[in-house]
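One file, target.pdb, carrying PDB, C-alpha atoms:
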MODEL        1
ATOM      1  CA  ALA A   1      20.865  -1.352  -5.066
ATOM      2  CA  MET A   2      20.246  -2.799  -1.609
ATOM      3  CA  ILE A   3      16.946  -4.320  -2.688
ATOM      4  CA  ASN A   4      18.365  -5.853  -5.847
ATOM      5  CA  GLY A   5      21.182  -7.352  -3.780
ATOM      6  CA  LEU A   6      18.875  -9.226  -1.417
ATOM      7  CA  GLN A   7      19.413 -12.965  -1.201
ATOM      8  CA  PRO A   8      17.199 -15.785   0.123
ATOM      9  CA  GLY A   9      16.523 -15.298   3.825
ATOM     10  CA  ASP A  10      17.439 -11.588   3.856
ATOM     11  CA  GLU A  11      15.264  -8.966   5.513
ATOM     12  CA  LEU A  12      15.480  -5.271   4.631
ATOM     13  CA  VAL A  13      13.951  -2.944   7.234
ATOM     14  CA  LEU A  14      13.106   0.596   6.092
ATOM     15  CA  SER A  15      13.086   3.525   8.478
ATOM     16  CA  GLY A  16      10.137   5.892   8.519
ATOM     17  CA  GLY A  17      10.059   9.085   6.466
ATOM     18  CA  MET A  18       9.518  10.120   2.876
ATOM     19  CA  TYR A  19      11.662   8.687   0.088
ATOM     20  CA  THR A  20      11.145  10.814  -3.049
ATOM     21  CA  LEU A  21      11.684   8.914  -6.299
ATOM     22  CA  THR A  22      12.764  10.685  -9.484
ATOM     23  CA  GLU A  23      14.028   7.766 -11.605
ATOM     24  CA  ARG A  24      12.636   4.344 -12.440
ATOM     25  CA  PHE A  25      12.627   2.225  -9.288
ATOM     26  CA  SER A  26      12.564  -1.493  -9.999
ATOM     27  CA  PHE A  27      13.828  -4.775  -8.693
ATOM     28  CA  ALA A  28      14.041  -8.467  -9.573
ATOM     29  CA  ILE A  29      14.746 -10.724  -6.591
ATOM     30  CA  ALA A  30      14.055 -14.296  -5.537
ATOM     31  CA  GLY A  31      13.911 -15.976  -2.172
ATOM     32  CA  THR A  32      12.953 -19.589  -1.625
ATOM     33  CA  GLU A  33      10.072 -21.323   0.110
ATOM     34  CA  ASN A  34      12.229 -21.970   3.178
ATOM     35  CA  ALA A  35      14.122 -18.666   3.000
ATOM     36  CA  PRO A  36      11.856 -15.885   1.711
ATOM     37  CA  ILE A  37      12.973 -12.272   1.289
ATOM     38  CA  VAL A  38      11.189  -9.644   3.408
ATOM     39  CA  ILE A  39      11.112  -5.886   2.756
ATOM     40  CA  ARG A  40       9.260  -4.176   5.572
ATOM     41  CA  ALA A  41       8.762  -1.068   7.639
ATOM     42  CA  GLN A  42      10.626  -0.697  10.876
ATOM     43  CA  ASP A  43       8.274  -1.461  13.746
ATOM     44  CA  GLY A  44       6.189   1.593  14.616
ATOM     45  CA  GLU A  45       7.381   3.610  11.599
ATOM     46  CA  THR A  46       6.055   4.273   8.090
ATOM     47  CA  PRO A  47       8.434   4.545   5.142
ATOM     48  CA  HIS A  48       6.709   6.501   2.375
ATOM     49  CA  LEU A  49       7.781   6.050  -1.261
ATOM     50  CA  TYR A  50       6.593   9.121  -3.165
ATOM     51  CA  ARG A  51       6.869   9.943  -6.855
ATOM     52  CA  PRO A  52       5.905  13.563  -7.551
ATOM     53  CA  ASN A  53       4.733  12.999 -11.139
ATOM     54  CA  ALA A  54       2.983  10.334 -13.191
ATOM     55  CA  ASN A  55       5.777   9.817 -15.743
ATOM     56  CA  GLN A  56       6.606   6.441 -14.201
ATOM     57  CA  ASN A  57       5.144   3.974 -11.727
ATOM     58  CA  ILE A  58       6.112   4.313  -8.086
ATOM     59  CA  ILE A  59       7.770   0.891  -8.159
ATOM     60  CA  ASP A  60       8.121  -1.791 -10.816
ATOM     61  CA  ILE A  61       8.483  -5.341  -9.583
ATOM     62  CA  ASP A  62      10.177  -6.831 -12.630
ATOM     63  CA  ASN A  63      10.267 -10.254 -11.008
ATOM     64  CA  ALA A  64       9.774 -11.555  -7.481
ATOM     65  CA  GLU A  65       9.580 -15.052  -6.024
ATOM     66  CA  TYR A  66       8.985 -15.766  -2.349
ATOM     67  CA  VAL A  67       9.087 -12.067  -1.464
ATOM     68  CA  THR A  68       7.044 -10.151   1.144
ATOM     69  CA  ILE A  69       6.527  -6.360   1.105
ATOM     70  CA  ARG A  70       4.974  -5.102   4.337
ATOM     71  CA  GLY A  71       3.932  -1.824   5.937
ATOM     72  CA  ILE A  72       5.074   0.663   3.258
ATOM     73  CA  GLU A  73       3.168   3.712   2.023
ATOM     74  CA  PHE A  74       3.144   4.520  -1.711
ATOM     75  CA  SER A  75       1.788   7.687  -3.329
ATOM     76  CA  GLY A  76       2.013   9.602  -6.593
ATOM     77  CA  GLY A  77       3.404   8.123  -9.779
ATOM     78  CA  SER A  78       1.379   6.424 -12.513
ATOM     79  CA  ALA A  79       0.618   2.942 -11.210
ATOM     80  CA  GLY A  80       1.423   2.535  -7.544
ATOM     81  CA  ILE A  81       2.843  -1.003  -7.653
ATOM     82  CA  ARG A  82       3.304  -2.610 -11.056
ATOM     83  CA  ILE A  83       4.073  -6.331 -10.985
ATOM     84  CA  SER A  84       5.618  -7.599 -14.205
ATOM     85  CA  GLY A  85       6.303 -11.121 -12.990
ATOM     86  CA  ALA A  86       5.804 -12.871  -9.664
ATOM     87  CA  ARG A  87       5.314 -16.162  -7.869
ATOM     88  CA  PHE A  88       4.605 -16.345  -4.154
ATOM     89  CA  LEU A  89       4.686 -12.562  -3.747
ATOM     90  CA  THR A  90       2.977 -11.078  -0.676
ATOM     91  CA  ILE A  91       1.981  -7.413  -0.415
ATOM     92  CA  GLU A  92       0.489  -6.749   2.986
ATOM     93  CA  GLU A  93      -0.427  -3.875   5.276
ATOM     94  CA  CYS A  94       0.679  -1.266   2.740
ATOM     95  CA  GLU A  95      -1.031   1.999   1.831
ATOM     96  CA  VAL A  96      -1.323   3.011  -1.834
ATOM     97  CA  HIS A  97      -3.012   6.290  -2.686
ATOM     98  CA  ASP A  98      -3.228   9.337  -4.944
ATOM     99  CA  THR A  99      -1.819   7.470  -7.919
ATOM    100  CA  GLY A 100      -2.074   8.779 -11.471
ATOM    101  CA  ASP A 101      -3.592   5.479 -12.582
ATOM    102  CA  VAL A 102      -4.126   1.997 -11.094
ATOM    103  CA  ALA A 103      -2.986   1.388  -7.520
ATOM    104  CA  VAL A 104      -1.820  -2.250  -7.904
ATOM    105  CA  ARG A 105      -1.487  -3.934 -11.275
ATOM    106  CA  ALA A 106      -0.398  -7.397 -12.394
ATOM    107  CA  ASN A 107      -1.226  -7.397 -16.086
ATOM    108  CA  ASP A 108       1.825  -7.944 -18.283
ATOM    109  CA  SER A 109       1.004  -9.949 -21.412
ATOM    110  CA  GLY A 110       2.035 -13.588 -21.430
ATOM    111  CA  VAL A 111       2.767 -13.810 -17.692
ATOM    112  CA  THR A 112       1.294 -16.331 -15.259
ATOM    113  CA  TYR A 113       1.147 -14.776 -11.790
ATOM    114  CA  GLU A 114       1.092 -17.596  -9.269
ATOM    115  CA  SER A 115       0.169 -17.471  -5.585
ATOM    116  CA  LEU A 116      -0.025 -13.728  -5.082
ATOM    117  CA  ARG A 117      -1.133 -12.705  -1.608
ATOM    118  CA  ILE A 118      -2.528  -9.164  -1.427
ATOM    119  CA  LEU A 119      -3.579  -8.721   2.177
ATOM    120  CA  ARG A 120      -4.886  -5.938   4.445
ATOM    121  CA  ASN A 121      -3.810  -3.020   2.270
ATOM    122  CA  HIS A 122      -5.406   0.425   2.224
ATOM    123  CA  ILE A 123      -5.988   1.732  -1.320
ATOM    124  CA  TYR A 124      -7.704   5.000  -2.219
ATOM    125  CA  ASN A 125      -7.818   8.120  -4.403
ATOM    126  CA  THR A 126      -6.773   6.587  -7.709
ATOM    127  CA  ASN A 127      -6.935   8.446 -11.032
ATOM    128  CA  GLY A 128      -6.776   7.610 -14.759
ATOM    129  CA  THR A 129      -8.364   4.215 -15.383
ATOM    130  CA  GLY A 130      -8.390   4.136 -11.610
ATOM    131  CA  GLU A 131      -8.740   0.489 -10.569
ATOM    132  CA  GLY A 132      -7.752  -0.326  -7.020
ATOM    133  CA  MET A 133      -6.365  -3.640  -8.328
ATOM    134  CA  TYR A 134      -6.082  -4.697 -11.961
ATOM    135  CA  LEU A 135      -5.218  -8.397 -11.999
ATOM    136  CA  GLY A 136      -4.830 -10.406 -15.201
ATOM    137  CA  CYS A 137      -5.262  -9.385 -18.835
ATOM    138  CA  ASN A 138      -8.041  -8.980 -21.361
ATOM    139  CA  ASN A 139      -8.940 -12.132 -23.286
ATOM    140  CA  GLY A 140      -6.709 -14.319 -21.125
ATOM    141  CA  GLY A 141      -3.535 -12.599 -22.285
ATOM    142  CA  CYS A 142      -2.071 -13.188 -18.825
ATOM    143  CA  GLU A 143      -3.374 -15.057 -15.795
ATOM    144  CA  VAL A 144      -3.503 -14.742 -12.033
ATOM    145  CA  VAL A 145      -3.806 -18.188 -10.437
ATOM    146  CA  SER A 146      -4.039 -19.658  -6.929
ATOM    147  CA  SER A 147      -3.953 -16.228  -5.290
ATOM    148  CA  LEU A 148      -5.559 -14.672  -2.210
ATOM    149  CA  ILE A 149      -6.966 -11.124  -2.106
ATOM    150  CA  GLU A 150      -8.119 -10.618   1.471
ATOM    151  CA  GLY A 151      -8.842  -7.959   4.058
ATOM    152  CA  ASN A 152      -8.136  -4.924   1.877
ATOM    153  CA  TYR A 153      -9.816  -1.545   2.317
ATOM    154  CA  ILE A 154     -10.385   0.103  -1.067
ATOM    155  CA  HIS A 155     -12.308   3.323  -1.565
ATOM    156  CA  HIS A 156     -12.671   6.461  -3.680
ATOM    157  CA  THR A 157     -11.704   5.007  -7.019
ATOM    158  CA  ASN A 158     -14.250   7.487  -8.371
ATOM    159  CA  GLN A 159     -12.280  10.709  -8.628
ATOM    160  CA  PRO A 160     -13.442  13.084 -11.402
ATOM    161  CA  SER A 161     -10.486  12.012 -13.564
ATOM    162  CA  VAL A 162     -11.278   8.274 -13.317
ATOM    163  CA  SER A 163     -12.553   6.592 -16.479
ATOM    164  CA  GLN A 164     -13.225   3.115 -15.010
ATOM    165  CA  GLY A 165     -12.494   2.696 -11.307
ATOM    166  CA  ASP A 166     -13.278  -0.869 -10.281
ATOM    167  CA  GLY A 167     -12.280  -1.740  -6.746
ATOM    168  CA  ILE A 168     -10.840  -5.163  -7.677
ATOM    169  CA  GLU A 169     -10.841  -6.340 -11.300
ATOM    170  CA  LEU A 170      -9.856  -9.946 -12.013
ATOM    171  CA  LYS A 171      -9.580 -10.562 -15.732
ATOM    172  CA  GLU A 172     -10.538 -13.441 -18.015
ATOM    173  CA  GLY A 173      -8.575 -16.675 -17.772
ATOM    174  CA  SER A 174      -7.548 -16.285 -14.140
ATOM    175  CA  PHE A 175      -8.589 -19.155 -11.863
ATOM    176  CA  ASP A 176      -8.353 -20.808  -8.442
ATOM    177  CA  ASN A 177      -8.348 -17.454  -6.642
ATOM    178  CA  VAL A 178      -9.999 -16.365  -3.392
ATOM    179  CA  ILE A 179     -11.313 -12.819  -2.898
ATOM    180  CA  ARG A 180     -12.769 -12.358   0.575
ATOM    181  CA  ASP A 181     -13.330 -10.012   3.506
ATOM    182  CA  ASN A 182     -12.477  -6.835   1.588
ATOM    183  CA  VAL A 183     -14.251  -3.544   2.321
ATOM    184  CA  ILE A 184     -14.847  -1.540  -0.864
ATOM    185  CA  HIS A 185     -16.904   1.604  -1.408
ATOM    186  CA  ASP A 186     -17.142   4.796  -3.480
ATOM    187  CA  THR A 187     -16.089   3.193  -6.749
ATOM    188  CA  ASN A 188     -16.879   4.344 -10.293
ATOM    189  CA  TYR A 189     -17.221   0.798 -11.686
ATOM    190  CA  PRO A 190     -18.166  -2.331  -9.675
ATOM    191  CA  CYS A 191     -16.531  -2.952  -6.323
ATOM    192  CA  ILE A 192     -15.453  -6.429  -7.520
ATOM    193  CA  LEU A 193     -15.546  -7.470 -11.172
ATOM    194  CA  THR A 194     -14.501 -10.975 -12.238
ATOM    195  CA  TYR A 195     -14.496 -12.552 -15.664
ATOM    196  CA  ALA A 196     -14.610 -16.135 -16.959
ATOM    197  CA  THR A 197     -11.967 -18.727 -16.111
ATOM    198  CA  ASN A 198     -11.909 -19.989 -19.706
ATOM    199  CA  GLY A 199     -12.771 -23.458 -18.484
ATOM    200  CA  ALA A 200     -10.079 -23.684 -15.811
ATOM    201  CA  PRO A 201     -11.186 -25.028 -12.394
TER     202      PRO A 201
ENDMDL
END
Conversion result in C-alpha cells:
Amino acid sequence: AMINGLQPGDELVLSGGMYTLTERFSFAIAGTENAPIVIRAQDGETPHLYRPNANQNIIDIDNAEYVTIRGIEFSGGSAGIRISGARFLTIEECEVHDTGDVAVRANDSGVTYESLRILRNHIYNTNGTGEGMYLGCNNGGCEVVSSLIEGNYIHHTNQPSVSQGDGIELKEGSFDNVIRDNVIHDTNYPCILTYATNGAP
C-alpha cells in the first residue's frame, strides 16, 4: 500500500531484514523526469524480499515511469522481478537469486519498454528457463528500446533444472540499446544473446 501510494518526488526507504511474501506483490506508480520516485535500501542495510514458493513472481511491476529501485535483495518465487510496463525505470545494485525461473523479465506482449536502466545487479542461481535477464519478446511481440544494461554480475544460470539459461537475452525487434561491462559466467546458453532489430536503427 505504501509503494502504490508513492507520488512524484517521494522516496521510500526500506529497513534491513527479511520480508516474506505470500500473496501477489505488485505496484503501478509514476514519477516525473524532474521528480522521480525512489525505492531503496536504508544505508548500510539490506531489505530482502523472499517468496518461499514459485506460485507467483517475487514482485510484479505492473507499470512504472521514472522510478528507481536500489539495493534490495530478491529470492525465491517464479520470476524475480517481472516488468509488465515501464519507461525510465532503473533497477540498480540489487541482488536476485534462487528464483524458480527468470531473474529479471520484461517480456509482456505488445509493450514497448523505453529507457530501462539495469545497472550493477548481482544475479545468480536461476531455475526453470533460467535466464538472468529476458528482455523483449519472440518475433518482435514486444520491444526494449533505448536502454542500458551495464555493470551486472550474472552467474550460475546453469542449474540442473535450467532448460535455457542465457545470461542476458535481448529479443528480436529491440533496438538502440547498450549492453556493456557486465561479468557473466557459468551459463547454460550464451552469456549474451541478441536478435535482429527488424530494421530499426
Q) Can you list, as a PyMOL selection string, every protein, DNA or RNA residue that comes within 10 Å of A:Asn188 when you count only C-alpha atoms, leaving out same-chain residues fewer than 2 positions away? A) chain A and resi 129-131+155-160+162-167+185-186+190-191
Using C-alpha atoms, can you export the residues from the last selection as a short mmCIF file (atom, residue, chain, number, x, y, z; two decimals), keeping the file's coordinate frame?
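Produced file out-v2.cif, reproduced below:
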data_model
loop_
_atom_site.label_atom_id
_atom_site.label_comp_id
_atom_site.auth_asym_id
_atom_site.auth_seq_id
_atom_site.Cartn_x
_atom_site.Cartn_y
_atom_site.Cartn_z
CA THR A 129 -8.36 4.22 -15.38
CA GLY A 130 -8.39 4.14 -11.61
CA GLU A 131 -8.74 0.49 -10.57
CA HIS A 155 -12.31 3.32 -1.56
CA HIS A 156 -12.67 6.46 -3.68
CA THR A 157 -11.70 5.01 -7.02
CA ASN A 158 -14.25 7.49 -8.37
CA GLN A 159 -12.28 10.71 -8.63
CA PRO A 160 -13.44 13.08 -11.40
CA VAL A 162 -11.28 8.27 -13.32
CA SER A 163 -12.55 6.59 -16.48
CA GLN A 164 -13.22 3.12 -15.01
CA GLY A 165 -12.49 2.70 -11.31
CA ASP A 166 -13.28 -0.87 -10.28
CA GLY A 167 -12.28 -1.74 -6.75
CA HIS A 185 -16.90 1.60 -1.41
CA ASP A 186 -17.14 4.80 -3.48
CA PRO A 190 -18.17 -2.33 -9.68
CA CYS A 191 -16.53 -2.95 -6.32
#
If you count all atoms listed in the file, which residues fall within 7 Å of stretch 76-84 of chain A, apart from same-chain ones fewer than 3 positions away, as a PDB file with C-alpha atoms, in the frame of the given file?
ATOM      1  CA  TYR A  50       6.593   9.121  -3.165  1.00  0.00           C
ATOM      2  CA  ARG A  51       6.869   9.943  -6.855  1.00  0.00           C
ATOM      3  CA  PRO A  52       5.905  13.563  -7.551  1.00  0.00           C
ATOM      4  CA  ASN A  53       4.733  12.999 -11.139  1.00  0.00           C
ATOM      5  CA  ALA A  54       2.983  10.334 -13.191  1.00  0.00           C
ATOM      6  CA  ASN A  55       5.777   9.817 -15.743  1.00  0.00           C
ATOM      7  CA  GLN A  56       6.606   6.441 -14.201  1.00  0.00           C
ATOM      8  CA  ASN A  57       5.144   3.974 -11.727  1.00  0.00           C
ATOM      9  CA  ILE A  58       6.112   4.313  -8.086  1.00  0.00           C
ATOM     10  CA  ILE A  59       7.770   0.891  -8.159  1.00  0.00           C
ATOM     11  CA  ASP A  60       8.121  -1.791 -10.816  1.00  0.00           C
ATOM     12  CA  ILE A  61       8.483  -5.341  -9.583  1.00  0.00           C
ATOM     13  CA  ASP A  62      10.177  -6.831 -12.630  1.00  0.00           C
ATOM     14  CA  ASN A  63      10.267 -10.254 -11.008  1.00  0.00           C
ATOM     15  CA  VAL A  96      -1.323   3.011  -1.834  1.00  0.00           C
ATOM     16  CA  ASP A  98      -3.228   9.337  -4.944  1.00  0.00           C
ATOM     17  CA  THR A  99      -1.819   7.470  -7.919  1.00  0.00           C
ATOM     18  CA  GLY A 100      -2.074   8.779 -11.471  1.00  0.00           C
ATOM     19  CA  ASP A 101      -3.592   5.479 -12.582  1.00  0.00           C
ATOM     20  CA  VAL A 102      -4.126   1.997 -11.094  1.00  0.00           C
ATOM     21  CA  ALA A 103      -2.986   1.388  -7.520  1.00  0.00           C
ATOM     22  CA  VAL A 104      -1.820  -2.250  -7.904  1.00  0.00           C
ATOM     23  CA  ARG A 105      -1.487  -3.934 -11.275  1.00  0.00           C
ATOM     24  CA  ALA A 106      -0.398  -7.397 -12.394  1.00  0.00           C
ATOM     25  CA  ASP A 108       1.825  -7.944 -18.283  1.00  0.00           C
TER      26      ASP A 108
END
Q: Figure out the distance between atom CA of A:Tyr153 and atom CA of A:Val13, please, to one decimal in Å.
A: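 Distance between the two atoms: 24.3 Å.
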(Q) Between atom CA of A:Thr126 and atom CA of A:Lys171, what distance in Å does the model show, to one decimal? (A)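 Between atom CA of A:Thr126 and atom CA of A:Lys171 the gap is 19.1 Å.
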**Q.** Spatial neighbours of A:Gly110, max dist 12 Å, all atoms listed in the file, sep filter under 4 positions, as a VMD selection string
**A.** chain A and resid 84 to 85 106 136 to 144 173
Requested write-out: C-alpha atoms of the selected residues, as an mmCIF file, in the coordinates of the input:
data_model
loop_
_atom_site.group_PDB
_atom_site.id
_atom_site.type_symbol
_atom_site.label_atom_id
_atom_site.label_comp_id
_atom_site.auth_asym_id
_atom_site.auth_seq_id
_atom_site.Cartn_x
_atom_site.Cartn_y
_atom_site.Cartn_z
ATOM 1 C CA SER A 84 5.618 -7.599 -14.205
ATOM 2 C CA GLY A 85 6.303 -11.121 -12.990
ATOM 3 C CA ALA A 106 -0.398 -7.397 -12.394
ATOM 4 C CA GLY A 136 -4.830 -10.406 -15.201
ATOM 5 C CA CYS A 137 -5.262 -9.385 -18.835
ATOM 6 C CA ASN A 138 -8.041 -8.980 -21.361
ATOM 7 C CA ASN A 139 -8.940 -12.132 -23.286
ATOM 8 C CA GLY A 140 -6.709 -14.319 -21.125
ATOM 9 C CA GLY A 141 -3.535 -12.599 -22.285
ATOM 10 C CA CYS A 142 -2.071 -13.188 -18.825
ATOM 11 C CA GLU A 143 -3.374 -15.057 -15.795
ATOM 12 C CA VAL A 144 -3.503 -14.742 -12.033
ATOM 13 C CA GLY A 173 -8.575 -16.675 -17.772
#
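Nearest-residue note for A:Arg117: choosing from A:Leu12, A:Ala86, A:Ile149, A:Ile168, the minimum distance belongs to A:Ile149, counting all atoms listed in the file.
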Q: Measuring atom to atom with only C-alpha atoms, identify which of A:Leu148, A:Ile3, A:Leu49, A:Cys94 is nearest to A:Ala28.
A: A:Ile3
**Q.** Nearby residues (all atoms listed in the file) at most 12 Å from A:Met2, same-chain spacing under 3 positions excluded, as a PyMOL selection string
**A.** chain A and resi 5-7+10-14+25-29+39
(Q) Could you tell me how far atom CA of A:Ala200 sits from atom CA of A:Asn121, in Å to one decimal place? (A)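 Between atom CA of A:Asn121 and atom CA of A:Ala200 the gap is 28.2 Å.
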Q | From A:His122, A:Asn127, A:Ala196, A:Thr68, residue lying nearest A:Ser161 [only C-alpha atoms] | A |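 Of A:His122, A:Asn127, A:Ala196, A:Thr68, the one nearest A:Ser161, counting only C-alpha atoms, is A:Asn127.
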Q. Leaving out A:Asn34 and any residue of its chain fewer than 3 positions from it, which residues lie within 9 Å of it when counting only C-alpha atoms, given as a ChimeraX atom specification?
A. /A:8-9,31,66
Q. For the file shown, what are the residues hit by the PyMOL selection byres ((chain A and resi 182) around 8), laid out as an MDAnalysis selection string?
A. chainID A and resid 149:154 179:181 183:184
Next, dump the selected residues to file, keeping only C-alpha atoms, as an mmCIF file, in the coordinates of the input.
data_model
loop_
_atom_site.group_PDB
_atom_site.id
_atom_site.type_symbol
_atom_site.label_atom_id
_atom_site.label_comp_id
_atom_site.auth_asym_id
_atom_site.auth_seq_id
_atom_site.Cartn_x
_atom_site.Cartn_y
_atom_site.Cartn_z
ATOM 1 C CA ILE A 149 -6.966 -11.124 -2.106
ATOM 2 C CA GLU A 150 -8.119 -10.618 1.471
ATOM 3 C CA GLY A 151 -8.842 -7.959 4.058
ATOM 4 C CA ASN A 152 -8.136 -4.924 1.877
ATOM 5 C CA TYR A 153 -9.816 -1.545 2.317
ATOM 6 C CA ILE A 154 -10.385 0.103 -1.067
ATOM 7 C CA ILE A 179 -11.313 -12.819 -2.898
ATOM 8 C CA ARG A 180 -12.769 -12.358 0.575
ATOM 9 C CA ASP A 181 -13.330 -10.012 3.506
ATOM 10 C CA VAL A 183 -14.251 -3.544 2.321
ATOM 11 C CA ILE A 184 -14.847 -1.540 -0.864
#
(Q) When you count all atoms listed in the file, which of these residues is closest to A:His48: A:Thr22, A:Glu95, A:Thr187, A:Ala35? (A)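 Of A:Thr22, A:Glu95, A:Thr187, A:Ala35, the one nearest A:His48 is A:Glu95, counting all atoms listed in the file.
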Q) For A:Ile37, which residue among A:Tyr134, A:Phe88, A:Tyr19, A:Phe74 is the nearest when counting all atoms listed in the file? A)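 Counting all atoms listed in the file, the residue closest to A:Ile37 is A:Phe88.
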Q: Could you list the residues chosen by the PyMOL selection byres ((chain A and resi 17) around 7) in this structure as a PyMOL selection string?
A: chain A and resi 15-16+18-19+46-48
Resulting file, chosen residues, C-alpha atoms, as a short mmCIF file (atom, residue, chain, number, x, y, z; two decimals), in the coordinates of the input:
data_model
loop_
_atom_site.label_atom_id
_atom_site.label_comp_id
_atom_site.auth_asym_id
_atom_site.auth_seq_id
_atom_site.Cartn_x
_atom_site.Cartn_y
_atom_site.Cartn_z
CA SER A 15 13.09 3.52 8.48
CA GLY A 16 10.14 5.89 8.52
CA MET A 18 9.52 10.12 2.88
CA TYR A 19 11.66 8.69 0.09
CA THR A 46 6.06 4.27 8.09
CA PRO A 47 8.43 4.54 5.14
CA HIS A 48 6.71 6.50 2.38
#
Quick one: what's the axis-aligned box for stretch 115-118 of chain A, all listed atoms, 8 Å on every side, centre and edges in Å to one decimal, as AutoDock Vina command-line options?
--center_x -1.2 --center_y -13.3 --center_z -3.5 --size_x 18.7 --size_y 24.3 --size_z 20.2
